[in-house]
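**Student:** Pasting a structure here, questions to come.
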Amino acid sequence: MNATATQPTTETRTNDTKTPPAGMQDLGLRLGQAREFTMILPLKPGGAQNMRNRLKDYATSAVHLLDKVASVHDLRFVIFDNDTRLIFASTYDGGFEQYIKDFATIIPDYIDKEFQDCEGYPGVKSPEIWDYIARYQQEAIVFYSAYPDASVRQVWKGQRVLHAFDQLLDQAQS
Amino acid sequence: METQIAPAITAADVPSLEVSDIQATVLRPRPSPYKGEYLIVRIEDAAQGREMLRRLIPHVAPADNWWTPTLPGWLAIAFSFQGLKALDLPQRSLDSFPNEFREGMAARASILNDVGNNAPANWEYPFGTADMHVALAIYSKDDESLEMVLERARHSHRDLPKITVVYRMKFSELPDGRNPFGFRDGLHNPQVEGSGAPVHPGSGSAIKAGEFILGYRDEEGEIAAAPEPEVLRRNGTFIAFRKFHTNVAAFRRYLREQASSPQEEELIAAKMVGRWRSGAPLVLAPERDEPKLGADATRNNDFSYENDMQGLKCPFSAHIRRVNPRDALKNDLVAVNSHLFLRRGTNYGSPLPEGSFEDDGVERGGVFLLIGVHLKRQFEFVQSQWVTDGNFIGHGTEQDPILGNQSSEATFTIPKRPIRRRLHGLPQFISVRGGEYFFMPGLRALNWLASLDHKPARTQK
């Protein structure tokens, strides 16, 4: 970890900065129980290529963890601006924010792996993480969801039920 | 990776807690049977507030004296944010307290789902106002002991005209340790590492003391650096105090409507709670109540959900499985140990007579006194995510059947083969009467607070 060059000292903090500042849970637009969350982050020199290499197998290696999180509908990492910046965009269920500290406790390495090529990234367990997120988060101007009241778990359940129902119909006809 | 701290617990790093400096209420269970009273005091003059504090401190019980108290009853003391301001705590120190504590419970209503009937606008005075400064809790064995301690409390401010008692509330144990709904409760508390408290089977592995007491390492491997200064926070903690009314007649009526036999009524009631009335847990007694099991302290809490991951014995939505999931969420990414608190709640009011299905207008219910260092990820998290929501168990917006702030579409899901049973139209069985966050300092910190006026830099009020 060598991204700590310009961090403020922790002595200046007057509060438990490991918890989201007031208003954190209102970051991003909401529709029903769905939330959008977008960050536009500067990349370190050479960070873009590091990130491509590091996250090459990420979708397959991290999928079991994201499934366990069970509240992220989708997420994407987009490198742009001549490899100098990153867009991280996601749609998630309300309540997800409340669990971020749990993820930081249980899988800090996975989260750090995603963002360690970003300039100034303090590490998910750092007291500075909430300030960092707040600095680079950009609220959308439009947010559409086709199923804003359905959580990830409800969508999964709906798929299971539909699958079972289809099987039942098929069996009834054969 | 210097911020990484190994979560493993070894015998070598178990802290020995400074029990003589920690208030008794934090660590020791309430007496049984118990009698007592909560008093809320308002301070209009900081000097008089500190004088009251000086007189009270000798009577505040430390944790190590719990079984041999110097008084026949004992006293606990805690301060709201408004109370610390009223005592002229320096601004720098006030600013160092966590946001949720500074805002107070009423301001957190949208997070806590305290809306509709439970909204702060409907709370009893002085809850939700700036008049709640100091909370005193007196626990005693009987009325005589209670009166003795009350007299000492009265004596502490008798000649101090700027000190006003704005609220008094008596509490007492109901027969057989039941709650107003008729269930034995208070059967579980987490085990605090290094506290020396007796371990009850089923209380789980020891939890880092820093979850419950400031000055020690917590489950995230950290030692809280606020509030400041260190002398104020050391051996202190925070309390979520929440008074609620129980609508026992509505509970009985609903059970009768949903069931076709008295046995079925009892089964539905047990499915809602997760325990039978005797205290016997559904996981160990899935078919019928086993009063012997319920009464056996070595067995009535000794269970996990390992063999009930389908919820066929204890529903996912059952009250005790929601508020204390034990190992039920082990397949999810949830740091369960970050969402615990110590429970020192009490009940108030007389029981609704057996067989009565109509409300008699008597105020009865309970007080949650939930103790933990991190109000936000302990009480607030559990209340918002596990009590008043159901997404974490795949139940959408379904709430806790007992504690939920129910809407007209309220459901309660009972997993069952071949198809689950779902109850509809649950009334709201509890109504919040009020609540507040308090800081419960250690004894040295109390003395520090009482001597603030000796500091030259005191701000003029």
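Residue numbering restarts at 1 in every chain; chains get A, B, ... in the order shown in the structure tokens, and ligands count up from 1 in that same order.
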Write out as a ChimeraX atom specification which residues come within 12 Å of Ala59 (chain A) when counting only C-alpha atoms, dropping same-chain ones fewer than 3 positions away.
**Tutor:** /A:52,54-56,62-67,74-77,110,114
**Student:** Neighbours of Gly202 (chain B) within 8 Å (only C-alpha atoms; same-chain residues fewer than 3 positions away dropped), as a list in words?
**Tutor:**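 Contacts, with the query itself left out: Arg299, Asn301, Asp302, Phe303 and Ser304 of chain B.
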**Student:** Grab the residues selected above and save them as an mmCIF file, in the first residue's frame with N, CA and C atoms.
**Tutor:**
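Result saved to part.cif:
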data_model
loop_
_atom_site.group_PDB
_atom_site.id
_atom_site.type_symbol
_atom_site.label_atom_id
_atom_site.label_comp_id
_atom_site.auth_asym_id
_atom_site.auth_seq_id
_atom_site.Cartn_x
_atom_site.Cartn_y
_atom_site.Cartn_z
ATOM 1 N N ARG B 299 -30.070 -25.245 29.694
ATOM 2 C CA ARG B 299 -30.466 -25.787 28.382
ATOM 3 C C ARG B 299 -31.317 -24.835 27.547
ATOM 4 N N ASN B 301 -31.165 -21.933 26.475
ATOM 5 C CA ASN B 301 -30.576 -21.028 25.489
ATOM 6 C C ASN B 301 -29.481 -21.723 24.690
ATOM 7 N N ASP B 302 -29.348 -23.024 24.895
ATOM 8 C CA ASP B 302 -28.226 -23.753 24.319
ATOM 9 C C ASP B 302 -28.612 -24.347 22.961
ATOM 10 N N PHE B 303 -28.662 -23.486 21.958
ATOM 11 C CA PHE B 303 -29.036 -23.974 20.629
ATOM 12 C C PHE B 303 -28.434 -23.089 19.551
ATOM 13 N N SER B 304 -28.394 -23.646 18.332
ATOM 14 C CA SER B 304 -28.005 -22.872 17.162
ATOM 15 C C SER B 304 -29.009 -23.206 16.056
#
**Student:** For Glu44 (chain B), list every protein, DNA or RNA residue within 8 Å, evaluated using only C-alpha atoms, and leave out those in the same chain fewer than 5 positions away; present the list as JSON, numbers by chain.
**Tutor:** {"B": [49, 86, 162, 163]}
**Student:** With C-alpha atoms kept, could you save the residues just selected as a PDB file, in the first residue's frame?
**Tutor:**
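The result, written out as part.pdb:
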ATOM      1  CA  GLY B  49     -25.945  19.537  38.133  1.00  0.00           C
ATOM      2  CA  ALA B  86     -26.292  21.091  30.440  1.00  0.00           C
ATOM      3  CA  LYS B 162     -32.406  24.132  39.231  1.00  0.00           C
ATOM      4  CA  ILE B 163     -32.615  20.352  39.229  1.00  0.00           C
TER       5      ILE B 163
END
**Student:** Tell me, counting only C-alpha atoms, for each residue of chain B within 6 Å of chain A, which pair of atoms is nearest and how far apart they are in Å to one decimal, in rows ordered by chain and increasing number, as a Markdown table.
**Tutor:**
| residue | atom | partner | partner_atom | distance |
| --- | --- | --- | --- | --- |
| B:Ser96 | CA | A:Thr14 | CA | 4.9 |
| B:Asp332 | CA | A:Lys68 | CA | 5.0 |
| B:Leu333 | CA | A:Val69 | CA | 5.6 |
| B:Val334 | CA | A:Asp102 | CA | 5.7 |
| B:Ala335 | CA | A:Asp102 | CA | 5.1 |
| B:Gly394 | CA | A:Arg153 | CA | 5.6 |
**Student:** Write out as a ChimeraX atom specification all residues of region 8-220 of chain B that backbone DSSP assigns to alpha helix (DSSP H).
**Tutor:** /B:24-27,46-56,81-86,91-95,99-103,109-112,143-155
**Student:** Please, what distance in Å, to one decimal, runs between CA of Ala106 (chain B) and CA of Thr237 (chain B)?
**Tutor:**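 The value is 19.7 Å.
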**Student:** Do you know which residues are at most 7 Å from Glu124 (chain B) counting only C-alpha atoms, after dropping those on the same chain fewer than 3 positions away, and could you put them as an mmCIF file with N, CA and C atoms, in the first residue's frame?
**Tutor:**
data_model
loop_
_atom_site.group_PDB
_atom_site.id
_atom_site.type_symbol
_atom_site.label_atom_id
_atom_site.label_comp_id
_atom_site.auth_asym_id
_atom_site.auth_seq_id
_atom_site.Cartn_x
_atom_site.Cartn_y
_atom_site.Cartn_z
ATOM 1 N N PHE B 127 -39.906 12.398 26.367
ATOM 2 C CA PHE B 127 -39.165 11.734 25.287
ATOM 3 C C PHE B 127 -39.226 12.572 24.010
ATOM 4 N N ARG B 433 -43.388 4.316 23.094
ATOM 5 C CA ARG B 433 -43.806 5.449 23.933
ATOM 6 C C ARG B 433 -42.714 6.526 23.999
ATOM 7 N N GLY B 434 -41.510 6.124 23.611
ATOM 8 C CA GLY B 434 -40.427 7.108 23.615
ATOM 9 C C GLY B 434 -39.092 6.430 23.761
#
**Student:** Find, counting only C-alpha atoms, the residue in A:Thr84, A:Ser145, A:Gln138, A:Asn53 that gets nearest to Leu31 (chain A).
**Tutor:**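 Of all the options, A:Ser145 lies closest to Leu31 (chain A).
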**Student:** Taking the DSSP secondary structure from the backbone, can you list the residues of region 166-344 of chain B that are strand (DSSP E), as a list in words?
**Tutor:**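 Residues meeting the strand (DSSP E) criterion: Val166, Tyr167, Arg168, Met169, Lys170, Phe171, Ser172, Thr237, Phe238, Ile239, Ala240, Phe241, Arg242, Lys243, Phe244, His245, Thr246, Leu342 and Arg343 of chain B.
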**Student:** Would you mind exporting C-alpha atoms of the selected residues as a CSV table (one decimal), in the first residue's frame?
**Tutor:**
chain,number,residue,atom,x,y,z
B,166,VAL,CA,-39.2,15.5,34.8
B,167,TYR,CA,-40.2,11.8,34.5
B,168,ARG,CA,-40.6,8.8,36.8
B,169,MET,CA,-41.4,5.3,35.8
B,170,LYS,CA,-41.7,2.3,38.0
B,171,PHE,CA,-40.9,-1.2,36.7
B,172,SER,CA,-41.1,-4.7,38.1
B,237,THR,CA,-20.7,2.9,27.0
B,238,PHE,CA,-23.8,3.9,25.2
B,239,ILE,CA,-27.4,3.0,25.9
B,240,ALA,CA,-30.5,2.9,23.6
B,241,PHE,CA,-33.4,3.4,26.0
B,242,ARG,CA,-36.8,2.6,24.5
B,243,LYS,CA,-40.1,2.4,26.2
B,244,PHE,CA,-43.0,0.6,24.5
B,245,HIS,CA,-46.6,-0.3,25.2
B,246,THR,CA,-47.8,-3.9,24.6
B,342,LEU,CA,-26.2,-6.3,26.0
B,343,ARG,CA,-29.9,-6.3,27.1
**Student:** Could you list, as a list in words, every residue within 7 Å of region 345-351 of chain B, counting only C-alpha atoms and ignoring same-chain residues fewer than 2 positions away?
**Tutor:**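 My reading of the contact set: Lys170, Phe171, Ser172, Glu173, Asn179, Pro180, Arg343, Pro353, Glu363, Arg364, Gly365, Gly366, Val367, Phe368 and Leu369 of chain B.
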**Student:** Restricted to N, CA and C atoms, what would the selected residues look like written as a compact mmCIF listing (two decimals), in the first residue's frame?
**Tutor:**
# COMPACT_ATOMS: atom_id res chain seq x y z
N LYS B 170 -42.00 3.47 37.22
CA LYS B 170 -41.72 2.26 37.98
C LYS B 170 -41.70 1.05 37.06
N PHE B 171 -40.86 0.08 37.41
CA PHE B 171 -40.87 -1.18 36.67
C PHE B 171 -40.74 -2.33 37.65
N SER B 172 -41.18 -3.48 37.23
CA SER B 172 -41.07 -4.65 38.10
C SER B 172 -41.22 -5.92 37.27
N GLU B 173 -40.67 -6.98 37.82
CA GLU B 173 -40.76 -8.26 37.12
C GLU B 173 -42.17 -8.82 37.23
N ASN B 179 -42.83 -11.77 30.07
CA ASN B 179 -43.09 -10.44 29.58
C ASN B 179 -44.61 -10.26 29.47
N PRO B 180 -45.10 -9.08 29.15
CA PRO B 180 -46.57 -8.87 29.16
C PRO B 180 -47.32 -9.79 28.20
N ARG B 343 -28.46 -6.69 26.87
CA ARG B 343 -29.86 -6.34 27.12
C ARG B 343 -30.13 -6.33 28.61
N PRO B 353 -55.36 -9.73 32.66
CA PRO B 353 -55.88 -10.97 33.27
C PRO B 353 -56.01 -12.10 32.24
N GLU B 363 -51.65 0.76 31.27
CA GLU B 363 -50.35 0.91 30.62
C GLU B 363 -49.46 -0.25 31.06
N ARG B 364 -49.08 -1.07 30.10
CA ARG B 364 -48.16 -2.17 30.38
C ARG B 364 -47.24 -2.35 29.19
N GLY B 365 -46.06 -2.81 29.46
CA GLY B 365 -45.12 -2.99 28.36
C GLY B 365 -43.73 -3.25 28.86
N GLY B 366 -42.78 -2.73 28.13
CA GLY B 366 -41.39 -3.00 28.48
C GLY B 366 -40.50 -1.82 28.15
N VAL B 367 -39.30 -1.92 28.65
CA VAL B 367 -38.26 -0.95 28.33
C VAL B 367 -37.07 -1.74 27.80
N PHE B 368 -36.63 -1.40 26.59
CA PHE B 368 -35.36 -1.93 26.12
C PHE B 368 -34.27 -1.05 26.66
N LEU B 369 -33.29 -1.67 27.29
CA LEU B 369 -32.10 -0.94 27.70
C LEU B 369 -30.96 -1.69 27.04
